[in-house]
$ cat run.pdb   # PDB, C-alpha atoms, pLDDT in the B column
ATOM      1  CA  MET A 149      86.629  61.420 110.636  1.00 53.00           C
ATOM      2  CA  THR A 150      84.006  63.545 112.383  1.00 52.00           C
ATOM      3  CA  ALA A 151      83.881  67.277 111.776  1.00 56.00           C
ATOM      4  CA  LEU A 152      86.337  69.164 113.923  1.00 57.00           C
ATOM      5  CA  PRO A 153      85.239  72.063 116.134  1.00 62.00           C
ATOM      6  CA  LEU A 154      85.382  75.413 114.349  1.00 56.00           C
ATOM      7  CA  GLY A 155      88.364  76.514 116.421  1.00 62.00           C
ATOM      8  CA  LEU A 156      90.361  73.511 115.153  1.00 74.00           C
ATOM      9  CA  MET A 157      88.931  73.269 111.623  1.00 77.00           C
ATOM     10  CA  ILE A 158      90.188  76.705 110.611  1.00 82.00           C
ATOM     11  CA  PRO A 159      93.873  76.063 111.438  1.00 84.00           C
ATOM     12  CA  PHE A 160      93.539  72.495 110.136  1.00 85.00           C
ATOM     13  CA  GLY A 161      92.128  73.705 106.810  1.00 84.00           C
ATOM     14  CA  ILE A 162      94.739  76.430 106.481  1.00 87.00           C
ATOM     15  CA  SER A 163      97.503  73.932 107.289  1.00 89.00           C
ATOM     16  CA  ILE A 164      96.220  71.517 104.624  1.00 88.00           C
ATOM     17  CA  THR A 165      96.167  74.279 102.020  1.00 88.00           C
ATOM     18  CA  ALA A 166      99.560  75.730 102.931  1.00 89.00           C
ATOM     19  CA  GLY A 167     101.108  72.273 103.080  1.00 91.00           C
ATOM     20  CA  ALA A 168      99.593  71.310  99.722  1.00 89.00           C
ATOM     21  CA  TYR A 169     100.969  74.476  98.160  1.00 88.00           C
ATOM     22  CA  ALA A 170     104.438  73.910  99.634  1.00 90.00           C
ATOM     23  CA  LEU A 171     104.417  70.318  98.390  1.00 91.00           C
ATOM     24  CA  SER A 172     103.315  71.465  94.931  1.00 89.00           C
ATOM     25  CA  LEU A 173     106.267  73.853  94.759  1.00 88.00           C
ATOM     26  CA  VAL A 174     108.626  70.973  95.527  1.00 90.00           C
ATOM     27  CA  ALA A 175     106.935  68.767  92.938  1.00 90.00           C
ATOM     28  CA  ARG A 176     107.045  71.565  90.376  1.00 87.00           C
ATOM     29  CA  LYS A 177     110.765  72.069  90.909  1.00 87.00           C
ATOM     30  CA  ARG A 178     111.574  68.369  90.730  1.00 89.00           C
ATOM     31  CA  TYR A 179     109.111  67.374  88.008  1.00 87.00           C
ATOM     32  CA  PRO A 180     108.356  70.426  85.835  1.00 86.00           C
ATOM     33  CA  SER A 181     105.058  69.794  84.093  1.00 85.00           C
ATOM     34  CA  PRO A 182     101.679  71.471  83.565  1.00 85.00           C
ATOM     35  CA  LEU A 183     100.283  68.789  85.871  1.00 84.00           C
ATOM     36  CA  THR A 184     102.508  69.950  88.750  1.00 85.00           C
ATOM     37  CA  THR A 185     101.469  73.595  88.430  1.00 85.00           C
ATOM     38  CA  PRO A 186     100.785  74.719  92.027  1.00 84.00           C
ATOM     39  CA  VAL A 187      97.206  75.832  91.311  1.00 82.00           C
ATOM     40  CA  LEU A 188      96.259  72.435  89.889  1.00 85.00           C
ATOM     41  CA  PHE A 189      98.474  70.137  91.965  1.00 87.00           C
ATOM     42  CA  SER A 190      97.661  71.712  95.338  1.00 87.00           C
ATOM     43  CA  THR A 191      93.927  71.628  94.544  1.00 87.00           C
ATOM     44  CA  ILE A 192      94.138  67.889  93.890  1.00 89.00           C
ATOM     45  CA  ILE A 193      96.009  67.373  97.174  1.00 89.00           C
ATOM     46  CA  VAL A 194      93.449  69.346  99.206  1.00 89.00           C
ATOM     47  CA  ILE A 195      90.524  67.457  97.644  1.00 89.00           C
ATOM     48  CA  THR A 196      92.279  64.127  98.283  1.00 90.00           C
ATOM     49  CA  VAL A 197      92.931  64.956 101.939  1.00 88.00           C
ATOM     50  CA  LEU A 198      89.327  66.042 102.479  1.00 86.00           C
ATOM     51  CA  LEU A 199      88.049  62.824 100.898  1.00 87.00           C
ATOM     52  CA  MET A 200      90.427  60.650 102.940  1.00 87.00           C
ATOM     53  CA  THR A 201      89.477  62.361 106.210  1.00 84.00           C
ATOM     54  CA  GLY A 202      85.754  62.365 105.428  1.00 83.00           C
ATOM     55  CA  LEU A 203      85.511  66.140 105.761  1.00 80.00           C
ATOM     56  CA  SER A 204      83.027  67.962 103.557  1.00 80.00           C
ATOM     57  CA  PHE A 205      83.424  71.263 101.778  1.00 79.00           C
ATOM     58  CA  GLN A 206      81.169  72.789 104.441  1.00 81.00           C
ATOM     59  CA  ASP A 207      83.698  71.685 107.072  1.00 82.00           C
ATOM     60  CA  TYR A 208      86.513  73.245 105.062  1.00 83.00           C
ATOM     61  CA  ALA A 209      84.561  76.446 104.287  1.00 81.00           C
ATOM     62  CA  PRO A 210      85.533  78.439 107.436  1.00 83.00           C
ATOM     63  CA  ALA A 211      89.223  78.034 106.624  1.00 82.00           C
ATOM     64  CA  LYS A 212      88.503  78.948 102.998  1.00 79.00           C
ATOM     65  CA  ARG A 213      86.791  82.164 104.087  1.00 81.00           C
ATOM     66  CA  VAL A 214      89.806  83.190 106.156  1.00 80.00           C
ATOM     67  CA  MET A 215      92.171  82.589 103.232  1.00 80.00           C
ATOM     68  CA  THR A 216      89.969  84.204 100.572  1.00 76.00           C
ATOM     69  CA  PHE A 217      89.614  87.266 102.798  1.00 77.00           C
ATOM     70  CA  LEU A 218      93.300  87.876 102.112  1.00 72.00           C
ATOM     71  CA  LEU A 219      92.722  87.885  98.344  1.00 70.00           C
ATOM     72  CA  GLY A 220      91.522  91.489  98.453  1.00 70.00           C
ATOM     73  CA  PRO A 221      94.716  92.931  99.982  1.00 75.00           C
ATOM     74  CA  ALA A 222      96.835  90.629  97.791  1.00 70.00           C
ATOM     75  CA  THR A 223      95.100  91.862  94.627  1.00 67.00           C
ATOM     76  CA  VAL A 224      95.495  95.492  95.664  1.00 70.00           C
ATOM     77  CA  ALA A 225      99.181  94.825  96.370  1.00 72.00           C
ATOM     78  CA  LEU A 226      99.639  93.929  92.690  1.00 69.00           C
ATOM     79  CA  ALA A 227      99.260  97.638  91.933  1.00 71.00           C
ATOM     80  CA  LEU A 228     102.724  98.325  93.362  1.00 76.00           C
ATOM     81  CA  PRO A 229     104.777  96.396  90.768  1.00 75.00           C
ATOM     82  CA  LEU A 230     102.443  97.742  88.077  1.00 73.00           C
ATOM     83  CA  TYR A 231     103.173 101.293  89.226  1.00 76.00           C
ATOM     84  CA  LYS A 232     106.908 100.608  89.297  1.00 77.00           C
ATOM     85  CA  ASN A 233     106.718  99.333  85.717  1.00 75.00           C
ATOM     86  CA  ARG A 234     104.118 101.807  84.499  1.00 78.00           C
ATOM     87  CA  GLN A 235     106.335 103.100  81.677  1.00 81.00           C
ATOM     88  CA  ILE A 236     106.464  99.633  80.108  1.00 78.00           C
ATOM     89  CA  PHE A 237     102.711  99.338  80.485  1.00 78.00           C
ATOM     90  CA  PHE A 238     101.921 102.687  78.867  1.00 82.00           C
ATOM     91  CA  ARG A 239     104.362 102.069  76.020  1.00 83.00           C
ATOM     92  CA  ASN A 240     102.352  98.961  75.202  1.00 83.00           C
ATOM     93  CA  LEU A 241      98.930 100.359  76.065  1.00 83.00           C
ATOM     94  CA  PHE A 242      97.267  99.994  72.656  1.00 86.00           C
ATOM     95  CA  PRO A 243      98.479  96.441  71.966  1.00 85.00           C
ATOM     96  CA  ALA A 244      97.450  95.522  75.517  1.00 85.00           C
ATOM     97  CA  VAL A 245      93.948  96.950  75.104  1.00 87.00           C
ATOM     98  CA  PHE A 246      93.544  95.241  71.739  1.00 88.00           C
ATOM     99  CA  GLY A 247      94.755  91.940  73.195  1.00 87.00           C
ATOM    100  CA  LEU A 248      92.393  92.291  76.155  1.00 88.00           C
ATOM    101  CA  LEU A 249      89.390  92.889  73.905  1.00 89.00           C
ATOM    102  CA  ALA A 250      90.405  90.092  71.539  1.00 89.00           C
ATOM    103  CA  GLY A 251      90.863  87.677  74.439  1.00 88.00           C
ATOM    104  CA  SER A 252      87.642  88.544  76.268  1.00 89.00           C
ATOM    105  CA  LEU A 253      85.425  88.586  73.190  1.00 90.00           C
ATOM    106  CA  GLY A 254      87.262  85.757  71.442  1.00 90.00           C
ATOM    107  CA  THR A 255      86.863  83.281  74.285  1.00 90.00           C
ATOM    108  CA  MET A 256      83.168  84.156  74.547  1.00 90.00           C
ATOM    109  CA  LEU A 257      82.608  83.668  70.820  1.00 91.00           C
ATOM    110  CA  THR A 258      84.623  80.452  70.651  1.00 91.00           C
ATOM    111  CA  ALA A 259      82.913  78.839  73.636  1.00 90.00           C
ATOM    112  CA  GLY A 260      79.481  79.900  72.432  1.00 88.00           C
ATOM    113  CA  LEU A 261      80.040  78.642  68.892  1.00 90.00           C
ATOM    114  CA  VAL A 262      81.422  75.312  70.124  1.00 90.00           C
ATOM    115  CA  ALA A 263      78.367  74.919  72.354  1.00 88.00           C
ATOM    116  CA  ARG A 264      76.159  75.672  69.375  1.00 88.00           C
ATOM    117  CA  ALA A 265      78.037  73.243  67.115  1.00 89.00           C
ATOM    118  CA  PHE A 266      77.473  70.445  69.635  1.00 90.00           C
ATOM    119  CA  ALA A 267      73.818  71.431  70.037  1.00 86.00           C
ATOM    120  CA  PHE A 268      74.128  72.227  73.733  1.00 89.00           C
ATOM    121  CA  ALA A 269      71.011  73.499  75.452  1.00 89.00           C
ATOM    122  CA  PRO A 270      70.842  77.326  75.433  1.00 88.00           C
ATOM    123  CA  GLU A 271      71.231  77.444  79.218  1.00 89.00           C
ATOM    124  CA  LEU A 272      74.391  75.327  79.039  1.00 90.00           C
ATOM    125  CA  GLY A 273      75.776  77.334  76.123  1.00 90.00           C
ATOM    126  CA  SER A 274      75.169  80.608  77.950  1.00 91.00           C
ATOM    127  CA  SER A 275      76.825  79.258  81.092  1.00 91.00           C
ATOM    128  CA  ILE A 276      79.974  78.086  79.325  1.00 92.00           C
ATOM    129  CA  SER A 277      80.370  81.193  77.148  1.00 92.00           C
ATOM    130  CA  ILE A 278      81.332  83.410  80.113  1.00 91.00           C
ATOM    131  CA  LYS A 279      83.827  80.951  81.600  1.00 91.00           C
ATOM    132  CA  SER A 280      86.733  83.416  81.520  1.00 88.00           C
ATOM    133  CA  ALA A 281      85.200  86.014  83.838  1.00 88.00           C
ATOM    134  CA  THR A 282      85.999  85.727  87.526  1.00 85.00           C
ATOM    135  CA  VAL A 283      83.415  83.731  89.517  1.00 85.00           C
ATOM    136  CA  PRO A 284      81.521  86.525  91.374  1.00 84.00           C
ATOM    137  CA  ILE A 285      80.994  88.481  88.155  1.00 88.00           C
ATOM    138  CA  ALA A 286      80.338  85.443  85.946  1.00 89.00           C
ATOM    139  CA  VAL A 287      77.622  84.211  88.313  1.00 89.00           C
ATOM    140  CA  GLU A 288      75.831  87.562  88.108  1.00 90.00           C
ATOM    141  CA  ILE A 289      76.184  87.685  84.313  1.00 92.00           C
ATOM    142  CA  ALA A 290      74.722  84.176  84.101  1.00 91.00           C
ATOM    143  CA  LYS A 291      71.496  85.435  85.673  1.00 90.00           C
ATOM    144  CA  VAL A 292      71.202  88.131  83.006  1.00 90.00           C
ATOM    145  CA  ILE A 293      71.865  85.879  79.996  1.00 91.00           C
ATOM    146  CA  HIS A 294      69.685  83.015  81.304  1.00 88.00           C
ATOM    147  CA  GLY A 295      72.575  80.749  82.193  1.00 88.00           C
ATOM    148  CA  ASP A 296      72.859  78.530  85.250  1.00 91.00           C
ATOM    149  CA  PRO A 297      74.946  80.221  87.988  1.00 90.00           C
ATOM    150  CA  ALA A 298      76.064  76.878  89.459  1.00 89.00           C
ATOM    151  CA  LEU A 299      77.204  75.549  86.074  1.00 90.00           C
ATOM    152  CA  THR A 300      78.869  78.864  85.321  1.00 91.00           C
ATOM    153  CA  ALA A 301      80.871  78.702  88.554  1.00 89.00           C
ATOM    154  CA  ILE A 302      82.064  75.176  87.677  1.00 89.00           C
ATOM    155  CA  PHE A 303      83.103  76.207  84.163  1.00 91.00           C
ATOM    156  CA  VAL A 304      84.948  79.254  85.492  1.00 91.00           C
ATOM    157  CA  VAL A 305      86.919  77.236  88.047  1.00 87.00           C
ATOM    158  CA  VAL A 306      87.799  74.497  85.533  1.00 89.00           C
ATOM    159  CA  THR A 307      88.854  77.108  82.962  1.00 91.00           C
ATOM    160  CA  GLY A 308      91.073  78.793  85.527  1.00 89.00           C
ATOM    161  CA  MET A 309      92.752  75.541  86.506  1.00 88.00           C
ATOM    162  CA  ILE A 310      93.358  74.447  82.912  1.00 90.00           C
ATOM    163  CA  GLY A 311      94.610  77.880  81.874  1.00 89.00           C
ATOM    164  CA  ALA A 312      96.928  78.214  84.866  1.00 88.00           C
ATOM    165  CA  ALA A 313      98.330  74.720  84.300  1.00 87.00           C
ATOM    166  CA  PHE A 314      98.719  74.637  80.518  1.00 91.00           C
ATOM    167  CA  GLY A 315      98.830  78.346  79.606  1.00 90.00           C
ATOM    168  CA  PRO A 316     102.498  78.926  80.557  1.00 91.00           C
ATOM    169  CA  TRP A 317     103.487  75.617  78.927  1.00 90.00           C
ATOM    170  CA  LEU A 318     101.743  76.595  75.693  1.00 91.00           C
ATOM    171  CA  MET A 319     103.272  80.084  75.674  1.00 93.00           C
ATOM    172  CA  ASP A 320     106.718  78.596  76.291  1.00 91.00           C
ATOM    173  CA  HIS A 321     106.304  76.379  73.236  1.00 91.00           C
ATOM    174  CA  LEU A 322     105.074  79.337  71.189  1.00 92.00           C
ATOM    175  CA  ARG A 323     108.065  81.350  72.462  1.00 92.00           C
ATOM    176  CA  ILE A 324     105.905  84.045  74.032  1.00 90.00           C
ATOM    177  CA  THR A 325     108.281  85.400  76.657  1.00 91.00           C
ATOM    178  CA  HIS A 326     107.345  89.056  77.217  1.00 89.00           C
ATOM    179  CA  PRO A 327     105.953  89.414  80.775  1.00 89.00           C
ATOM    180  CA  LEU A 328     103.226  91.796  79.621  1.00 89.00           C
ATOM    181  CA  SER A 329     101.964  89.353  76.998  1.00 90.00           C
ATOM    182  CA  ARG A 330     102.050  86.397  79.383  1.00 93.00           C
ATOM    183  CA  GLY A 331     100.304  88.283  82.170  1.00 91.00           C
ATOM    184  CA  LEU A 332      97.677  89.612  79.787  1.00 91.00           C
ATOM    185  CA  ALA A 333      96.907  86.152  78.443  1.00 92.00           C
ATOM    186  CA  LEU A 334      96.726  84.455  81.844  1.00 92.00           C
ATOM    187  CA  GLY A 335      94.627  87.173  83.467  1.00 90.00           C
ATOM    188  CA  THR A 336      92.204  87.562  80.571  1.00 91.00           C
ATOM    189  CA  ILE A 337      91.514  83.867  80.010  1.00 90.00           C
ATOM    190  CA  SER A 338      92.124  82.269  83.417  1.00 89.00           C
ATOM    191  CA  HIS A 339      91.125  85.145  85.764  1.00 83.00           C
ATOM    192  CA  GLY A 340      92.213  84.692  89.408  1.00 82.00           C
ATOM    193  CA  GLN A 341      93.923  81.325  89.046  1.00 85.00           C
ATOM    194  CA  GLY A 342      95.818  82.561  86.012  1.00 88.00           C
ATOM    195  CA  THR A 343      96.810  85.666  87.937  1.00 86.00           C
ATOM    196  CA  ALA A 344      98.142  83.525  90.788  1.00 83.00           C
ATOM    197  CA  GLN A 345     100.223  81.540  88.308  1.00 86.00           C
ATOM    198  CA  ALA A 346     101.415  84.734  86.580  1.00 88.00           C
ATOM    199  CA  ALA A 347     102.579  86.137  89.912  1.00 85.00           C
ATOM    200  CA  THR A 348     104.943  83.165  90.305  1.00 84.00           C
ATOM    201  CA  GLU A 349     106.745  84.253  87.110  1.00 86.00           C
ATOM    202  CA  SER A 350     107.374  87.870  88.109  1.00 86.00           C
ATOM    203  CA  GLU A 351     105.772  90.746  89.993  1.00 82.00           C
ATOM    204  CA  PHE A 352     105.084  92.616  86.771  1.00 85.00           C
ATOM    205  CA  THR A 353     103.509  89.594  85.063  1.00 88.00           C
ATOM    206  CA  GLY A 354     101.240  89.107  88.066  1.00 86.00           C
ATOM    207  CA  ALA A 355     100.296  92.786  88.131  1.00 83.00           C
ATOM    208  CA  ILE A 356      99.391  92.788  84.445  1.00 88.00           C
ATOM    209  CA  ALA A 357      97.349  89.610  84.938  1.00 88.00           C
ATOM    210  CA  GLY A 358      95.463  91.279  87.796  1.00 84.00           C
ATOM    211  CA  VAL A 359      94.593  94.269  85.630  1.00 85.00           C
ATOM    212  CA  ALA A 360      93.592  91.977  82.744  1.00 88.00           C
ATOM    213  CA  MET A 361      91.379  89.932  85.058  1.00 87.00           C
ATOM    214  CA  GLY A 362      89.478  93.015  86.205  1.00 84.00           C
ATOM    215  CA  LEU A 363      89.164  94.703  82.817  1.00 86.00           C
ATOM    216  CA  GLY A 364      88.327  91.399  81.123  1.00 88.00           C
ATOM    217  CA  ALA A 365      85.460  90.865  83.564  1.00 88.00           C
ATOM    218  CA  ILE A 366      84.158  94.366  82.811  1.00 88.00           C
ATOM    219  CA  CYS A 367      84.388  93.726  79.074  1.00 90.00           C
ATOM    220  CA  THR A 368      82.565  90.412  79.439  1.00 90.00           C
ATOM    221  CA  SER A 369      79.822  91.917  81.588  1.00 90.00           C
ATOM    222  CA  LEU A 370      79.198  94.657  79.027  1.00 91.00           C
ATOM    223  CA  ALA A 371      79.309  92.446  75.935  1.00 91.00           C
ATOM    224  CA  ALA A 372      77.710  89.189  77.110  1.00 90.00           C
ATOM    225  CA  PRO A 373      74.061  90.383  77.355  1.00 90.00           C
ATOM    226  CA  TYR A 374      74.186  91.426  73.687  1.00 90.00           C
ATOM    227  CA  LEU A 375      76.604  88.886  72.224  1.00 89.00           C
ATOM    228  CA  VAL A 376      75.743  85.576  73.890  1.00 89.00           C
ATOM    229  CA  PRO A 377      72.048  85.415  72.820  1.00 86.00           C
ATOM    230  CA  PHE A 378      73.144  85.554  69.179  1.00 85.00           C
ATOM    231  CA  ILE A 379      75.684  82.741  69.373  1.00 84.00           C
ATOM    232  CA  VAL A 380      74.111  80.060  71.612  1.00 74.00           C
TER     233      VAL A 380
END
$ encode --input "run.pdb" --output "structure tokens"
Amino acid sequence: MTALPLGLMIPFGISITAGAYALSLVARKRYPSPLTTPVLFSTIIVITVLLMTGLSFQDYAPAKRVMTFLLGPATVALALPLYKNRQIFFRNLFPAVFGLLAGSLGTMLTAGLVARAFAFAPELGSSISIKSATVPIAVEIAKVIHGDPALTAIFVVVTGMIGAAFGPWLMDHLRITHPLSRGLALGTISHGQGTAQAATESEFTGAIAGVAMGLGAICTSLAAPYLVPFIV
């Protein structure tokens, strides 16, 4: 299939994405599984359609830009349920802050030490250690800690997909049910994709995940230049 004109590619790309998401919701309802999590399942559908139609990512990019433009307002909108539930948040402020720090620093240490144990090259170890920060921030951190921005972006996206797919399943089995705890875990470890998954559970869970994503990225950006060189 030849590339469509820009005026047609944008609605075509948006339709593919919206249709994939709608189909993933149906699949999730009928076959509950980490593999049918909308973030993971819809991504697989979109990639499959692009491959079958012969369209490249560059062809799909204009539609992606339109959709990602809406991420800003959607993220800001998460402040409303957080404000409505602010009393719950402030009652759990210290455990939340401790959990955020433990999650942000713990994932960095674990990834870095695993990379070191397997004798990964320093550039690869640095790139994988910051996998739980959101892509724009992780890419900039990678430049500071001598990682590879392209590899970092791949690790971040894969981490987000795995966390969004298997994080809720794991917490269910561990009987972690409190919305604050679930949102904190998904936002800290799986950034934007985890936040999207958290928002499907409840408004408050999504709001907490959004806050955790932002604060976790700040924590990572402050700690990584000093911590990563010692562990990779």
$ closest_atom_pairs --input "run.pdb" --of "stretch 181-202 of chain A" --to "stretch 344-358 of chain A" --cutoff "12 Å" --atoms "all atoms listed in the file" --output "tab-separated table"
residue	atom	partner	partner_atom	distance
A:Pro182	CA	A:Gln345	CA	11.2
A:Thr184	CA	A:Gln345	CA	11.8
A:Thr185	CA	A:Gln345	CA	8.0
A:Pro186	CA	A:Gln345	CA	7.8
A:Val187	CA	A:Gln345	CA	7.1
A:Leu188	CA	A:Gln345	CA	10.1
$ closest_residue --input "run.pdb" --among "A:Phe217, A:Phe205, A:Tyr179, A:Tyr169" --to "A:Thr191" --atoms "only C-alpha atoms"
A:Tyr169
$ atom_distance --input "run.pdb" --atom1 "atom CA of A:Ala175" --atom2 "atom CA of A:Val306"
21.3 Å
$ resolve_selection --input "run.pdb" --expression "the PyMOL selection byres ((chain A and resi 340) around 10)" --output "compact mmCIF listing (two decimals) with C-alpha atoms, in the frame of the given file"
# COMPACT_ATOMS: atom_id res chain seq x y z
CA LEU A 219 92.72 87.88 98.34
CA THR A 223 95.10 91.86 94.63
CA SER A 280 86.73 83.42 81.52
CA ALA A 281 85.20 86.01 83.84
CA THR A 282 86.00 85.73 87.53
CA VAL A 283 83.42 83.73 89.52
CA VAL A 304 84.95 79.25 85.49
CA VAL A 305 86.92 77.24 88.05
CA GLY A 308 91.07 78.79 85.53
CA MET A 309 92.75 75.54 86.51
CA ALA A 312 96.93 78.21 84.87
CA LEU A 334 96.73 84.46 81.84
CA GLY A 335 94.63 87.17 83.47
CA THR A 336 92.20 87.56 80.57
CA ILE A 337 91.51 83.87 80.01
CA SER A 338 92.12 82.27 83.42
CA HIS A 339 91.12 85.14 85.76
CA GLN A 341 93.92 81.32 89.05
CA GLY A 342 95.82 82.56 86.01
CA THR A 343 96.81 85.67 87.94
CA ALA A 344 98.14 83.52 90.79
CA GLN A 345 100.22 81.54 88.31
CA ALA A 346 101.42 84.73 86.58
CA ALA A 357 97.35 89.61 84.94
CA GLY A 358 95.46 91.28 87.80
CA ALA A 360 93.59 91.98 82.74
CA MET A 361 91.38 89.93 85.06
CA GLY A 362 89.48 93.02 86.20
$ atom_distance --input "run.pdb" --atom1 "atom CA of A:Gly260" --atom2 "atom CA of A:Gly295"
12.0 Å
$ closest_residue --input "run.pdb" --among "A:Met215, A:Val376, A:Ala263, A:Leu203" --to "A:Ile162" --atoms "only C-alpha atoms"
A:Met215
$ residues_around --input "run.pdb" --residues "A:Tyr374" --least-positions-apart "5" --cutoff "10 Å" --atoms "all atoms listed in the file" --output "PyMOL selection string"
chain A and resi 293+369+379
$ resolve_selection --input "run.pdb" --expression "the PyMOL selection byres ((chain A and resi 166) around 12)" --output "PDB file with C-alpha atoms, in the coordinates of the input"
ATOM      1  CA  PRO A 159      93.873  76.063 111.438  1.00 84.00           C
ATOM      2  CA  PHE A 160      93.539  72.495 110.136  1.00 85.00           C
ATOM      3  CA  GLY A 161      92.128  73.705 106.810  1.00 84.00           C
ATOM      4  CA  ILE A 162      94.739  76.430 106.481  1.00 87.00           C
ATOM      5  CA  SER A 163      97.503  73.932 107.289  1.00 89.00           C
ATOM      6  CA  ILE A 164      96.220  71.517 104.624  1.00 88.00           C
ATOM      7  CA  THR A 165      96.167  74.279 102.020  1.00 88.00           C
ATOM      8  CA  GLY A 167     101.108  72.273 103.080  1.00 91.00           C
ATOM      9  CA  ALA A 168      99.593  71.310  99.722  1.00 89.00           C
ATOM     10  CA  TYR A 169     100.969  74.476  98.160  1.00 88.00           C
ATOM     11  CA  ALA A 170     104.438  73.910  99.634  1.00 90.00           C
ATOM     12  CA  LEU A 171     104.417  70.318  98.390  1.00 91.00           C
ATOM     13  CA  SER A 172     103.315  71.465  94.931  1.00 89.00           C
ATOM     14  CA  LEU A 173     106.267  73.853  94.759  1.00 88.00           C
ATOM     15  CA  PRO A 186     100.785  74.719  92.027  1.00 84.00           C
ATOM     16  CA  VAL A 187      97.206  75.832  91.311  1.00 82.00           C
ATOM     17  CA  SER A 190      97.661  71.712  95.338  1.00 87.00           C
ATOM     18  CA  THR A 191      93.927  71.628  94.544  1.00 87.00           C
ATOM     19  CA  ILE A 193      96.009  67.373  97.174  1.00 89.00           C
ATOM     20  CA  VAL A 194      93.449  69.346  99.206  1.00 89.00           C
ATOM     21  CA  ALA A 211      89.223  78.034 106.624  1.00 82.00           C
ATOM     22  CA  LYS A 212      88.503  78.948 102.998  1.00 79.00           C
ATOM     23  CA  MET A 215      92.171  82.589 103.232  1.00 80.00           C
TER      24      MET A 215
END
$ closest_residue --input "run.pdb" --among "A:Val359, A:Leu328, A:Cys367, A:Met319" --to "A:Ile278" --atoms "all atoms listed in the file"
A:Cys367
$ closest_residue --input "run.pdb" --among "A:Ile310, A:Ala365, A:Thr201, A:Ser329" --to "A:Pro284" --atoms "only C-alpha atoms"
A:Ala365
